[in-house]
Amino acid sequence: KRVVKFWVLVTMASELWAGFELWVPPSAPDNDGLPLFEIIGTTAQIVQFPLNPGQSVTCEPGAMCYMNNGCRVNIKSGGLMDMIGGALGGESPWKCVYTNKTQGPGYAAFTTDIPGVLVPIDMNNIDGKLRCKRGAWVCSTGDQETSVQAGFNPAKSMGGQCCGGLSFILQELSGGQYSFLVAMGTVITRTLQAGEEFIVDTNSILAMTGEIEVDVRQVGSCGAMCCAGEGAFNTVLTGPGKVWLQSMPIEKLRALFPKPGKEGADGGGGDGGGE
């Protein structure tokens, strides 16, 4: 009962002020009597796919967590341009396809290499391409394969290309049924109307639909640029389209644990602990 009440409260709070929506895992559609997917856990999640005989699911290499005994994996590479596009988009040139080869229901489950949450995107609701952070794609379902390719930064100005904070190469997804992205922290979404501007921290962008335009704007005064902690420019997104944001991108987490300097890594430069 407590779990049911919790999810009711979360669902009621999903619509926030100013057009924001708190992302909550959607209900999985039916898959010939089985759920299409099941998301397990709260952080460092697992997505489990019940598979009917002959059904498959595609993932990035290394994502498999467990599977039934009759599930078999094949490696798919596509053409040369697909391999190059996938690599530039932050993924491996190869994809792993897990297929249930038994005569009864099977399963395969996948997870990510960072302590994040899995965000399923219904690709049937995406008109055109979905632009994502490089390496965000984890796996996808459907008889029609989701295309995972590299795309250019959509910023039209030189300032947006150089100072917007987005990589020059992004990841572009198109086609398929459901695609699963990895995010960290709390995920919210916002749908922008045509011409509506939205200022964001670039690292917080998880994904956005292809119609959204990207540019930059000066943070403010010299004091703001030096002391506000946001650098000299903010990223400006202009609608129409939808954007997915994450509260704890991997860049912020990495900043908390900087790599040790060469001196520290060699064990020298200490305080002479023997004295």
# chains A, B, ... in the order shown; residues from 1 in each chain; ligands from 1

call {"tool": "residues_around", "arguments": {"residues": "Lys76 of chain A", "least_positions_apart": "6", "cutoff": "9 Å", "atoms": "only C-alpha atoms", "output": "number ranges by chain"}}
result
A: 93-97

call {"tool": "atom_distance", "arguments": {"atom1": "atom CA of Gln55 of chain A", "atom2": "atom CA of Asn125 of chain A"}}
result
22.5 Å

call {"tool": "closest_residue", "arguments": {"among": "A:Ser56, A:Thr141, A:Ser147, A:Thr99", "to": "Gly70 of chain A", "atoms": "only C-alpha atoms"}}
result
A:Thr99

call {"tool": "closest_residue", "arguments": {"among": "A:Leu181, A:Met67, A:Leu245, A:Ile199", "to": "Lys101 of chain A", "atoms": "only C-alpha atoms"}}
result
A:Met67

call {"tool": "residues_around", "arguments": {"residues": "Ser247 of chain A", "least_positions_apart": "3", "cutoff": "7 Å", "atoms": "only C-alpha atoms", "output": "ChimeraX atom specification"}}
result
/A:184-187,204

call {"tool": "write_last_selection", "arguments": {"atoms": "N, CA and C atoms", "output": "mmCIF file, in the first residue's frame"}}
result
data_model
loop_
_atom_site.group_PDB
_atom_site.id
_atom_site.type_symbol
_atom_site.label_atom_id
_atom_site.label_comp_id
_atom_site.auth_asym_id
_atom_site.auth_seq_id
_atom_site.Cartn_x
_atom_site.Cartn_y
_atom_site.Cartn_z
ATOM 1 N N MET A 184 21.582 10.902 -15.051
ATOM 2 C CA MET A 184 21.979 10.875 -13.647
ATOM 3 C C MET A 184 21.200 11.932 -12.881
ATOM 4 N N GLY A 185 20.764 11.554 -11.672
ATOM 5 C CA GLY A 185 20.018 12.479 -10.837
ATOM 6 C C GLY A 185 18.542 12.495 -11.195
ATOM 7 N N THR A 186 17.913 13.636 -11.022
ATOM 8 C CA THR A 186 16.507 13.831 -11.343
ATOM 9 C C THR A 186 16.376 14.256 -12.799
ATOM 10 N N VAL A 187 15.394 13.695 -13.491
ATOM 11 C CA VAL A 187 15.160 14.018 -14.890
ATOM 12 C C VAL A 187 13.851 14.793 -15.016
ATOM 13 N N SER A 204 23.677 19.807 -18.370
ATOM 14 C CA SER A 204 22.424 19.219 -17.889
ATOM 15 C C SER A 204 21.550 18.700 -19.017
#

call {"tool": "closest_residue", "arguments": {"among": "A:Arg72, A:Val236, A:Gln177, A:Ile250", "to": "Arg134 of chain A", "atoms": "only C-alpha atoms"}}
result
A:Ile250

call {"tool": "residues_around", "arguments": {"residues": "Val243 of chain A", "least_positions_apart": "5", "cutoff": "9 Å", "atoms": "only C-alpha atoms", "output": "ChimeraX atom specification"}}
result
/A:188-192,205-209,212,237
